[in-house]
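Enquirer: Here it is, the structure in full.
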Amino acid sequence: MFASSYARSSATALLASFVTSVAMAGATGSPTCPCVTDLDYDGMTAGSDLGILLGGWGGSGNTDFDGSGTTDGADLGILLGAWGPCTPPSNDNCINAEDLEGTSTFVEFCNNAATDSDLPFPATCGDDNDVASIGKDVWYQYKMPYTGALIVHTYDSSFDTVLGVYSNIIAGACGCPGVSPNAVLLACDDDANSTLQSFVEVPAYEGQCMNIRVGGYKGIGGTDAGPGILTVRPIKRGDRCDLAHIVPSTQYIEIPGTNEGDTWIQADQSSCANGDTLDEWYRFSMPCDGELTISTCHPSTDFDTTISVFTNCLPSGAEIACNDDFSDPDCALDGNFRRSRVSLIGSSSDTFYVRVSGFQGATGNFQLIFDVDCVN
């Protein structure tokens with residue numbers, strides 16, 4: 001029910017990937033909180049903020065509210081004029097969640113003025129069975145564009161975050177937890193990979209509605225708050241080994257596919273080609289003892305393919321077969337051998353993970369053929 005073991009074990013590798021993705025998307029730096037005079041992020045403009053402003057007098061930075069380049073009397077007037085509680089954000093509760101669209105969405109948020117939702121998390125959301133108390137939470141709503149998995153994290157945020165993802169047991173419904181009896185918690189997290197940020201991954205289907213809750217860690221000393229970045233990233237089935245398409249266990253089958261629009265780009269993993277980073281994964285269980293031939297040698301295959309076969313997903317699996325260009329007339333494309341074919345011996349207890357990719361980043365359509373010659 002909660003965050004997958006894959007998400008936890010992969011957090012280190014994902015962090016570098018996500019930071020790069022954020023930078024590429026332009027979501028760098030920290031957003032300015034709407035209540036700019038709340039300099040200590042406690043949800044109100046008060047004496048503590050006045051002390052911070054006076055400490056920055058004559059300088060610039062976040063105490064220079066009017067952008068004049070100097071913290072002076074004008075900024076003092078702005079602070080005194082805003083004295084009192086900050087106005088909560090519009091997405092302070094699930095019913096008014098902010099809609100997110102697209103893929104690889106990066107949202108700048110600030111929770112300093114948010115209130116607490118009365119929805120406690122179970123102890124399993126924290127580390128070492130410590131309860132992950134969440135406060136000052138804001139809400140977002142996201143619909144999956146395709147079947148696969150949804151990754152949500154708060155890496156690059158400036159404070160100790162807590163994260164939860166909810167959905168509905170009724171397909172396509174968007175009911176909020178605490179309002180709809182059919183809304184359930186799919187995953188939650190406090191500190192991911194020994195950091196103060198949060199990471200969850202959940203399996204998801206096309207059109208599934210997710211309610212995403214992000215806030216600060218609520219402890220004895222108060223609730224953490226400040227500016228942050230929420231990353232929402234859907235991964236399409238077939239774009240990662242553990243999300244491989246399941247191929248029927250039969251002696252012969254042809255499957256149309258494509259490696260275009262890859263949502264999970266990693267360094268090339270095959271030993272027989274270079275730059276084959278855009279891939280599609282398939283999982284095939286042997287129907288019998290015998291020889292398995294896997295091929296893209298078909299007229300429908302329109303680009304330079306590679307095929308590699310693994311015993312399991314990395315890092316526990318191992319590559320056992322690989323081919324870039326197979327020398328056979330059926331494997332020719334535009335007068336050159338560009339399509340791929342591998343053969344290996346397997347038993348009825350074996351399951352293979354098959355990766356189809358393109359040489360030097362090539363993409364296109366392919367026909368993937370599984371042909372088993374059973375031993376009598």
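Residue numbering restarts at 1 for every chain of the structure tokens, chains are lettered A, B, ... in their displayed order, and ligands are numbered from 1 as they appear.
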Excluding same-chain residues fewer than 6 positions from A:Thr70, what lies within 8 Å of it counting only C-alpha atoms, as a compact mmCIF listing (two decimals) with N, CA and C atoms, in the first residue's frame?

Expert:
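The new file around-v4.txt reads:
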# COMPACT_ATOMS: atom_id res chain seq x y z
N TRP A 57 19.22 45.89 7.75
CA TRP A 57 19.08 47.31 7.37
C TRP A 57 20.29 47.79 6.57
N GLY A 58 20.00 48.45 5.47
CA GLY A 58 21.04 48.99 4.62
C GLY A 58 21.54 48.03 3.56
N GLY A 59 21.17 46.76 3.70
CA GLY A 59 21.60 45.77 2.72
C GLY A 59 20.50 45.44 1.75
N SER A 60 20.69 44.35 1.01
CA SER A 60 19.67 43.91 0.05
C SER A 60 19.18 42.53 0.46
N ASP A 64 14.59 43.39 1.30
CA ASP A 64 14.36 44.52 0.38
C ASP A 64 13.07 44.24 -0.39

Enquirer: Can you pull out every residue within 12 Å of stretch 89-96 of chain A, counting only C-alpha atoms, but drop anything in the same chain fewer than 4 positions away, and send it as an MDAnalysis selection string?

Expert: chainID A and resid 33:35 43 100 109:119 135:142 164:167 174:180 183 210:215

Enquirer: Just write the chosen residues, N, CA and C atoms, as a short mmCIF file (atom, residue, chain, number, x, y, z; two decimals), in the first residue's frame.

Expert:
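Contents of again10.cif, as written:
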data_model
loop_
_atom_site.label_atom_id
_atom_site.label_comp_id
_atom_site.auth_asym_id
_atom_site.auth_seq_id
_atom_site.Cartn_x
_atom_site.Cartn_y
_atom_site.Cartn_z
N CYS A 33 7.92 33.39 -1.30
CA CYS A 33 6.65 33.07 -0.68
C CYS A 33 5.70 34.24 -0.84
N PRO A 34 4.41 33.96 -1.07
CA PRO A 34 3.43 35.04 -1.28
C PRO A 34 3.43 36.06 -0.15
N CYS A 35 3.58 35.61 1.07
CA CYS A 35 3.63 36.51 2.23
C CYS A 35 5.10 36.88 2.46
N GLY A 43 4.19 31.88 9.33
CA GLY A 43 2.80 32.11 8.97
C GLY A 43 2.25 33.46 9.35
N LEU A 100 -2.54 20.10 -11.83
CA LEU A 100 -1.26 20.02 -12.54
C LEU A 100 -1.48 19.29 -13.84
N PHE A 109 6.47 26.02 -4.69
CA PHE A 109 5.44 26.21 -3.68
C PHE A 109 6.05 26.82 -2.43
N CYS A 110 5.19 27.34 -1.57
CA CYS A 110 5.61 27.83 -0.26
C CYS A 110 4.47 27.55 0.71
N ASN A 111 4.79 26.93 1.82
CA ASN A 111 3.75 26.50 2.77
C ASN A 111 3.74 27.32 4.05
N ASN A 112 4.43 28.47 4.08
CA ASN A 112 4.55 29.20 5.35
C ASN A 112 3.20 29.65 5.90
N ALA A 113 2.24 29.96 5.02
CA ALA A 113 0.93 30.45 5.48
C ALA A 113 -0.15 29.38 5.45
N ALA A 114 0.21 28.16 5.10
CA ALA A 114 -0.79 27.08 5.02
C ALA A 114 -1.23 26.64 6.42
N THR A 115 -2.42 26.07 6.48
CA THR A 115 -2.92 25.52 7.73
C THR A 115 -2.76 24.01 7.73
N ASP A 116 -3.09 23.37 8.84
CA ASP A 116 -2.95 21.91 8.96
C ASP A 116 -4.24 21.21 8.54
N SER A 117 -4.10 20.17 7.72
CA SER A 117 -5.23 19.31 7.40
C SER A 117 -5.33 18.22 8.47
N ASP A 118 -6.52 17.94 8.88
CA ASP A 118 -6.74 16.96 9.96
C ASP A 118 -6.76 15.55 9.39
N LEU A 119 -5.59 15.13 8.85
CA LEU A 119 -5.46 13.80 8.26
C LEU A 119 -4.12 13.22 8.67
N GLY A 135 2.36 19.12 8.82
CA GLY A 135 1.60 20.34 9.08
C GLY A 135 1.82 21.35 7.96
N LYS A 136 1.02 22.40 7.97
CA LYS A 136 1.11 23.46 6.95
C LYS A 136 1.17 22.85 5.55
N ASP A 137 0.19 22.02 5.23
CA ASP A 137 0.23 21.30 3.96
C ASP A 137 -0.57 22.01 2.87
N VAL A 138 -0.10 21.86 1.64
CA VAL A 138 -0.79 22.36 0.45
C VAL A 138 -1.07 21.17 -0.45
N TRP A 139 -2.04 21.34 -1.39
CA TRP A 139 -2.56 20.22 -2.16
C TRP A 139 -2.49 20.47 -3.66
N TYR A 140 -2.21 19.38 -4.40
CA TYR A 140 -2.19 19.41 -5.85
C TYR A 140 -2.92 18.17 -6.38
N GLN A 141 -3.48 18.28 -7.57
CA GLN A 141 -4.20 17.17 -8.18
C GLN A 141 -3.59 16.88 -9.55
N TYR A 142 -3.39 15.60 -9.83
CA TYR A 142 -2.72 15.21 -11.08
C TYR A 142 -3.38 13.96 -11.64
N GLY A 164 2.56 13.02 0.84
CA GLY A 164 1.61 11.93 0.73
C GLY A 164 0.88 11.98 -0.61
N VAL A 165 0.54 10.80 -1.14
CA VAL A 165 -0.20 10.71 -2.40
C VAL A 165 -1.44 9.85 -2.15
N TYR A 166 -2.60 10.39 -2.52
CA TYR A 166 -3.88 9.71 -2.34
C TYR A 166 -4.52 9.46 -3.71
N SER A 167 -5.38 8.45 -3.74
CA SER A 167 -6.18 8.21 -4.93
C SER A 167 -7.52 7.63 -4.49
N CYS A 174 -11.87 11.52 -8.33
CA CYS A 174 -10.89 12.42 -7.72
C CYS A 174 -11.27 12.83 -6.31
N GLY A 175 -12.10 12.05 -5.63
CA GLY A 175 -12.55 12.42 -4.30
C GLY A 175 -11.40 12.62 -3.33
N CYS A 176 -11.55 13.58 -2.43
CA CYS A 176 -10.51 13.93 -1.47
C CYS A 176 -10.58 13.05 -0.23
N PRO A 177 -9.43 12.74 0.37
CA PRO A 177 -9.43 12.02 1.64
C PRO A 177 -10.10 12.87 2.73
N GLY A 178 -10.84 12.21 3.59
CA GLY A 178 -11.55 12.93 4.62
C GLY A 178 -12.91 13.43 4.16
N VAL A 179 -13.12 13.44 2.84
CA VAL A 179 -14.40 13.87 2.25
C VAL A 179 -15.06 12.69 1.57
N SER A 180 -14.32 12.01 0.72
CA SER A 180 -14.82 10.83 0.02
C SER A 180 -14.40 9.57 0.77
N ALA A 183 -11.53 7.49 -0.98
CA ALA A 183 -10.16 7.99 -1.15
C ALA A 183 -9.23 7.29 -0.17
N MET A 210 -4.76 11.59 -8.87
CA MET A 210 -3.96 11.58 -7.64
C MET A 210 -4.11 12.92 -6.92
N ASN A 211 -4.31 12.87 -5.62
CA ASN A 211 -4.26 14.05 -4.79
C ASN A 211 -2.96 14.04 -4.02
N ILE A 212 -2.15 15.05 -4.24
CA ILE A 212 -0.79 15.12 -3.68
C ILE A 212 -0.78 16.14 -2.55
N ARG A 213 -0.30 15.71 -1.41
CA ARG A 213 -0.26 16.53 -0.20
C ARG A 213 1.20 16.74 0.20
N VAL A 214 1.63 17.98 0.30
CA VAL A 214 3.01 18.27 0.68
C VAL A 214 3.01 19.34 1.77
N GLY A 215 3.77 19.09 2.81
CA GLY A 215 3.84 20.03 3.92
C GLY A 215 5.17 19.93 4.62
#

Enquirer: Enumerate the residues of stretch 105-336 of chain A with a DSSP assignment of strand (DSSP E), computed from the backbone, and present them as a compact mmCIF listing (two decimals) with N, CA and C atoms, in the first residue's frame.

Expert:
# COMPACT_ATOMS: atom_id res chain seq x y z
N THR A 105 6.36 17.60 -14.38
CA THR A 105 5.89 18.89 -13.90
C THR A 105 6.70 19.31 -12.68
N PHE A 106 7.14 20.57 -12.68
CA PHE A 106 7.90 21.13 -11.57
C PHE A 106 7.13 22.32 -11.01
N VAL A 107 6.78 22.26 -9.72
CA VAL A 107 5.93 23.27 -9.12
C VAL A 107 6.68 23.96 -7.98
N GLU A 108 6.81 25.27 -8.08
CA GLU A 108 7.35 26.03 -6.96
C GLU A 108 6.22 26.29 -5.96
N PHE A 109 6.47 26.02 -4.69
CA PHE A 109 5.44 26.21 -3.68
C PHE A 109 6.05 26.82 -2.43
N CYS A 110 5.19 27.34 -1.57
CA CYS A 110 5.61 27.83 -0.26
C CYS A 110 4.47 27.55 0.71
N ILE A 134 2.73 15.76 9.81
CA ILE A 134 2.77 16.75 8.75
C ILE A 134 1.90 17.94 9.13
N GLY A 135 2.36 19.12 8.82
CA GLY A 135 1.60 20.34 9.08
C GLY A 135 1.82 21.35 7.96
N LYS A 136 1.02 22.40 7.97
CA LYS A 136 1.11 23.46 6.95
C LYS A 136 1.17 22.85 5.55
N ASP A 137 0.19 22.02 5.23
CA ASP A 137 0.23 21.30 3.96
C ASP A 137 -0.57 22.01 2.87
N VAL A 138 -0.10 21.86 1.64
CA VAL A 138 -0.79 22.36 0.45
C VAL A 138 -1.07 21.17 -0.45
N TRP A 139 -2.04 21.34 -1.39
CA TRP A 139 -2.56 20.22 -2.16
C TRP A 139 -2.49 20.47 -3.66
N TYR A 140 -2.21 19.38 -4.40
CA TYR A 140 -2.19 19.41 -5.85
C TYR A 140 -2.92 18.17 -6.38
N GLN A 141 -3.48 18.28 -7.57
CA GLN A 141 -4.20 17.17 -8.18
C GLN A 141 -3.59 16.88 -9.55
N TYR A 142 -3.39 15.60 -9.83
CA TYR A 142 -2.72 15.21 -11.08
C TYR A 142 -3.38 13.96 -11.64
N LYS A 143 -3.62 13.96 -12.96
CA LYS A 143 -4.16 12.79 -13.66
C LYS A 143 -3.09 12.17 -14.53
N GLY A 148 1.59 3.23 -15.90
CA GLY A 148 2.98 3.01 -15.53
C GLY A 148 3.18 3.25 -14.04
N ALA A 149 3.95 4.27 -13.72
CA ALA A 149 4.22 4.63 -12.33
C ALA A 149 4.31 6.15 -12.22
N LEU A 150 3.99 6.66 -11.03
CA LEU A 150 4.09 8.10 -10.77
C LEU A 150 5.12 8.32 -9.67
N ILE A 151 6.08 9.18 -9.97
CA ILE A 151 7.10 9.58 -9.00
C ILE A 151 6.81 11.00 -8.55
N VAL A 152 6.82 11.21 -7.24
CA VAL A 152 6.64 12.55 -6.67
C VAL A 152 7.74 12.76 -5.64
N HIS A 153 8.41 13.90 -5.70
CA HIS A 153 9.45 14.16 -4.70
C HIS A 153 9.60 15.66 -4.45
N THR A 161 10.50 18.40 4.54
CA THR A 161 9.17 18.16 3.97
C THR A 161 8.61 16.80 4.35
N VAL A 162 7.30 16.68 4.25
CA VAL A 162 6.58 15.41 4.37
C VAL A 162 5.60 15.34 3.21
N LEU A 163 5.43 14.16 2.63
CA LEU A 163 4.70 14.03 1.38
C LEU A 163 3.75 12.85 1.43
N GLY A 164 2.56 13.02 0.84
CA GLY A 164 1.61 11.93 0.73
C GLY A 164 0.88 11.98 -0.61
N VAL A 165 0.54 10.80 -1.14
CA VAL A 165 -0.20 10.71 -2.40
C VAL A 165 -1.44 9.85 -2.15
N TYR A 166 -2.60 10.39 -2.52
CA TYR A 166 -3.88 9.71 -2.34
C TYR A 166 -4.52 9.46 -3.71
N SER A 167 -5.38 8.45 -3.74
CA SER A 167 -6.18 8.21 -4.93
C SER A 167 -7.52 7.63 -4.49
N ASN A 168 -8.31 7.19 -5.47
CA ASN A 168 -9.66 6.73 -5.20
C ASN A 168 -9.81 5.30 -5.67
N ALA A 183 -11.53 7.49 -0.98
CA ALA A 183 -10.16 7.99 -1.15
C ALA A 183 -9.23 7.29 -0.17
N VAL A 184 -8.10 6.81 -0.69
CA VAL A 184 -7.15 6.06 0.14
C VAL A 184 -5.75 6.63 -0.03
N LEU A 185 -4.93 6.42 0.99
CA LEU A 185 -3.53 6.82 0.94
C LEU A 185 -2.74 5.75 0.19
N LEU A 186 -2.08 6.15 -0.90
CA LEU A 186 -1.28 5.20 -1.67
C LEU A 186 0.15 5.11 -1.16
N ALA A 187 0.72 6.24 -0.80
CA ALA A 187 2.11 6.26 -0.35
C ALA A 187 2.38 7.54 0.41
N CYS A 188 3.36 7.49 1.31
CA CYS A 188 3.76 8.68 2.05
C CYS A 188 5.22 8.55 2.45
N ASP A 189 5.85 9.67 2.76
CA ASP A 189 7.27 9.63 3.09
C ASP A 189 7.66 10.88 3.87
N PHE A 199 10.22 11.41 -0.96
CA PHE A 199 10.14 10.73 -2.26
C PHE A 199 9.14 9.59 -2.16
N VAL A 200 8.23 9.52 -3.12
CA VAL A 200 7.33 8.37 -3.21
C VAL A 200 7.19 7.96 -4.68
N GLU A 201 6.93 6.68 -4.87
CA GLU A 201 6.60 6.16 -6.19
C GLU A 201 5.43 5.20 -6.05
N VAL A 202 4.43 5.34 -6.93
CA VAL A 202 3.25 4.47 -6.86
C VAL A 202 2.92 3.97 -8.27
N PRO A 203 2.46 2.73 -8.39
CA PRO A 203 1.95 2.27 -9.69
C PRO A 203 0.68 3.03 -10.02
N ALA A 204 0.43 3.28 -11.30
CA ALA A 204 -0.73 4.09 -11.69
C ALA A 204 -1.19 3.69 -13.08
N CYS A 209 -6.61 9.60 -11.04
CA CYS A 209 -6.52 10.90 -10.39
C CYS A 209 -5.78 10.77 -9.06
N MET A 210 -4.76 11.59 -8.87
CA MET A 210 -3.96 11.58 -7.64
C MET A 210 -4.11 12.92 -6.92
N ASN A 211 -4.31 12.87 -5.62
CA ASN A 211 -4.26 14.05 -4.79
C ASN A 211 -2.96 14.04 -4.02
N ILE A 212 -2.15 15.05 -4.24
CA ILE A 212 -0.79 15.12 -3.68
C ILE A 212 -0.78 16.14 -2.55
N ARG A 213 -0.30 15.71 -1.41
CA ARG A 213 -0.26 16.53 -0.20
C ARG A 213 1.20 16.74 0.20
N VAL A 214 1.63 17.98 0.30
CA VAL A 214 3.01 18.27 0.68
C VAL A 214 3.01 19.34 1.77
N GLY A 215 3.77 19.09 2.81
CA GLY A 215 3.84 20.03 3.92
C GLY A 215 5.17 19.93 4.62
N GLY A 216 5.22 20.43 5.84
CA GLY A 216 6.45 20.42 6.62
C GLY A 216 6.37 19.45 7.78
N TYR A 217 7.54 19.02 8.24
CA TYR A 217 7.58 18.13 9.39
C TYR A 217 7.11 18.89 10.63
N LYS A 218 6.16 18.30 11.35
CA LYS A 218 5.56 18.94 12.52
C LYS A 218 6.10 18.27 13.78
N GLY A 219 6.95 19.00 14.49
CA GLY A 219 7.55 18.47 15.71
C GLY A 219 7.20 19.30 16.92
N GLY A 222 7.57 23.07 16.48
CA GLY A 222 6.77 23.73 15.46
C GLY A 222 6.81 22.96 14.16
N THR A 223 6.32 23.61 13.09
CA THR A 223 6.24 22.97 11.78
C THR A 223 7.22 23.63 10.82
N PRO A 227 10.09 27.90 1.14
CA PRO A 227 9.92 27.64 -0.30
C PRO A 227 10.42 26.26 -0.67
N GLY A 228 9.79 25.65 -1.66
CA GLY A 228 10.20 24.33 -2.10
C GLY A 228 9.84 24.09 -3.54
N ILE A 229 10.27 22.96 -4.06
CA ILE A 229 9.96 22.54 -5.42
C ILE A 229 9.40 21.14 -5.37
N LEU A 230 8.20 20.98 -5.91
CA LEU A 230 7.54 19.68 -6.00
C LEU A 230 7.70 19.16 -7.42
N THR A 231 8.25 17.97 -7.56
CA THR A 231 8.42 17.35 -8.88
C THR A 231 7.43 16.19 -9.01
N VAL A 232 6.69 16.20 -10.10
CA VAL A 232 5.72 15.15 -10.40
C VAL A 232 6.10 14.56 -11.76
N ARG A 233 6.48 13.29 -11.77
CA ARG A 233 7.02 12.69 -12.98
C ARG A 233 6.38 11.34 -13.27
N PRO A 234 5.57 11.23 -14.31
CA PRO A 234 4.99 9.93 -14.69
C PRO A 234 5.97 9.13 -15.56
N ILE A 235 6.01 7.84 -15.33
CA ILE A 235 6.85 6.93 -16.12
C ILE A 235 5.93 5.95 -16.85
N LYS A 236 6.07 5.87 -18.15
CA LYS A 236 5.21 5.04 -18.99
C LYS A 236 5.63 3.58 -18.92
N HIS A 245 6.64 -4.47 -20.33
CA HIS A 245 5.44 -5.08 -20.89
C HIS A 245 5.49 -6.59 -20.65
N ILE A 246 4.38 -7.18 -20.28
CA ILE A 246 4.33 -8.63 -20.07
C ILE A 246 3.94 -9.30 -21.39
N VAL A 247 4.81 -10.16 -21.90
CA VAL A 247 4.57 -10.87 -23.15
C VAL A 247 3.94 -12.22 -22.82
N TYR A 252 5.22 -18.67 -30.16
CA TYR A 252 5.49 -17.67 -31.20
C TYR A 252 4.54 -16.50 -31.04
N ILE A 253 5.10 -15.30 -31.08
CA ILE A 253 4.28 -14.10 -31.01
C ILE A 253 5.04 -12.93 -31.62
N GLU A 254 4.32 -12.05 -32.30
CA GLU A 254 4.88 -10.81 -32.83
C GLU A 254 4.19 -9.64 -32.13
N ILE A 255 5.00 -8.68 -31.70
CA ILE A 255 4.48 -7.54 -30.93
C ILE A 255 4.97 -6.25 -31.57
N PRO A 256 4.05 -5.36 -31.99
CA PRO A 256 4.48 -4.05 -32.49
C PRO A 256 4.87 -3.15 -31.33
N GLY A 257 5.90 -2.33 -31.54
CA GLY A 257 6.34 -1.43 -30.48
C GLY A 257 7.07 -0.23 -31.02
N THR A 258 7.45 0.66 -30.12
CA THR A 258 8.23 1.84 -30.48
C THR A 258 9.04 2.27 -29.27
N ASP A 279 14.78 3.27 -24.93
CA ASP A 279 14.48 1.85 -24.99
C ASP A 279 13.03 1.54 -24.66
N GLU A 280 12.69 0.26 -24.88
CA GLU A 280 11.40 -0.31 -24.49
C GLU A 280 11.69 -1.70 -23.94
N TRP A 281 11.03 -2.03 -22.80
CA TRP A 281 11.33 -3.28 -22.09
C TRP A 281 10.16 -4.26 -22.19
N TYR A 282 10.51 -5.56 -22.23
CA TYR A 282 9.53 -6.64 -22.29
C TYR A 282 9.97 -7.77 -21.36
N ARG A 283 8.97 -8.43 -20.73
CA ARG A 283 9.25 -9.56 -19.86
C ARG A 283 8.59 -10.81 -20.45
N PHE A 284 9.41 -11.84 -20.67
CA PHE A 284 8.92 -13.06 -21.33
C PHE A 284 9.30 -14.28 -20.52
N SER A 285 8.31 -15.13 -20.23
CA SER A 285 8.55 -16.39 -19.53
C SER A 285 8.49 -17.54 -20.53
N GLY A 290 13.85 -25.10 -24.30
CA GLY A 290 14.19 -25.01 -25.70
C GLY A 290 15.01 -23.79 -26.04
N GLU A 291 15.04 -23.46 -27.34
CA GLU A 291 15.81 -22.32 -27.82
C GLU A 291 14.86 -21.15 -28.11
N LEU A 292 15.21 -20.00 -27.57
CA LEU A 292 14.42 -18.78 -27.78
C LEU A 292 15.17 -17.86 -28.74
N THR A 293 14.48 -17.45 -29.79
CA THR A 293 15.02 -16.45 -30.71
C THR A 293 14.17 -15.19 -30.60
N ILE A 294 14.83 -14.06 -30.39
CA ILE A 294 14.16 -12.76 -30.29
C ILE A 294 14.70 -11.88 -31.41
N SER A 295 13.80 -11.24 -32.14
CA SER A 295 14.25 -10.55 -33.35
C SER A 295 13.40 -9.31 -33.64
N THR A 305 18.07 -0.95 -34.82
CA THR A 305 17.73 -1.43 -33.48
C THR A 305 18.89 -2.14 -32.79
N THR A 306 18.76 -2.28 -31.48
CA THR A 306 19.61 -3.17 -30.69
C THR A 306 18.69 -4.01 -29.80
N ILE A 307 19.11 -5.23 -29.50
CA ILE A 307 18.39 -6.10 -28.58
C ILE A 307 19.37 -6.60 -27.53
N SER A 308 19.00 -6.49 -26.26
CA SER A 308 19.78 -7.10 -25.19
C SER A 308 18.83 -7.82 -24.26
N VAL A 309 19.29 -8.94 -23.70
CA VAL A 309 18.46 -9.79 -22.85
C VAL A 309 19.13 -9.93 -21.49
N PHE A 310 18.32 -9.79 -20.42
CA PHE A 310 18.83 -9.85 -19.05
C PHE A 310 18.08 -10.91 -18.26
N GLU A 319 23.32 -9.33 -18.12
CA GLU A 319 23.08 -9.44 -19.55
C GLU A 319 23.58 -10.79 -20.03
N ILE A 320 22.74 -11.51 -20.80
CA ILE A 320 23.13 -12.84 -21.28
C ILE A 320 23.11 -12.93 -22.80
N ALA A 321 22.62 -11.90 -23.48
CA ALA A 321 22.64 -11.89 -24.95
C ALA A 321 22.51 -10.45 -25.42
N CYS A 322 23.17 -10.14 -26.54
CA CYS A 322 23.11 -8.78 -27.08
C CYS A 322 23.46 -8.79 -28.56
N ASN A 323 22.73 -7.99 -29.34
CA ASN A 323 23.05 -7.85 -30.76
C ASN A 323 22.66 -6.48 -31.25
N ALA A 332 18.10 -6.76 -43.00
CA ALA A 332 18.62 -5.60 -43.73
C ALA A 332 17.61 -4.46 -43.71
N LEU A 333 18.14 -3.25 -43.71
CA LEU A 333 17.33 -2.03 -43.77
C LEU A 333 18.08 -1.02 -44.62
N ASN A 336 21.60 -2.11 -45.64
CA ASN A 336 22.58 -2.43 -44.59
C ASN A 336 21.91 -3.29 -43.52

Enquirer: Contacts of A:Leu79 at 8 Å or less, counting only C-alpha atoms, minus same-chain residues fewer than 3 places along, as a PyMOL selection string?

Expert: chain A and resi 37+45+50+75-76+82-83

Enquirer: Include N, CA and C atoms and write out the residues we just selected as a compact mmCIF listing (two decimals), in the first residue's frame.

Expert:
# COMPACT_ATOMS: atom_id res chain seq x y z
N THR A 37 6.69 39.30 3.73
CA THR A 37 7.15 39.89 4.99
C THR A 37 7.29 38.86 6.10
N THR A 45 3.39 37.92 10.04
CA THR A 45 4.37 39.00 10.11
C THR A 45 4.30 39.57 11.53
N LEU A 50 10.35 41.66 12.17
CA LEU A 50 10.87 43.03 12.33
C LEU A 50 12.34 42.98 12.72
N ASP A 75 10.76 49.67 3.17
CA ASP A 75 10.55 48.25 3.45
C ASP A 75 9.97 48.05 4.85
N LEU A 76 10.39 48.91 5.78
CA LEU A 76 9.82 48.87 7.12
C LEU A 76 8.32 49.16 7.07
N ALA A 82 1.77 44.94 6.72
CA ALA A 82 1.34 43.54 6.58
C ALA A 82 1.26 42.82 7.92
N TRP A 83 1.37 43.58 9.00
CA TRP A 83 1.44 42.98 10.34
C TRP A 83 0.25 42.07 10.61

Enquirer: Which one is closest to A:Cys313: A:Phe359, A:Phe159, A:Phe352, A:Trp264? Count only C-alpha atoms.

Expert: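 Residue with the minimum atom-to-atom distance to A:Cys313: A:Phe352.
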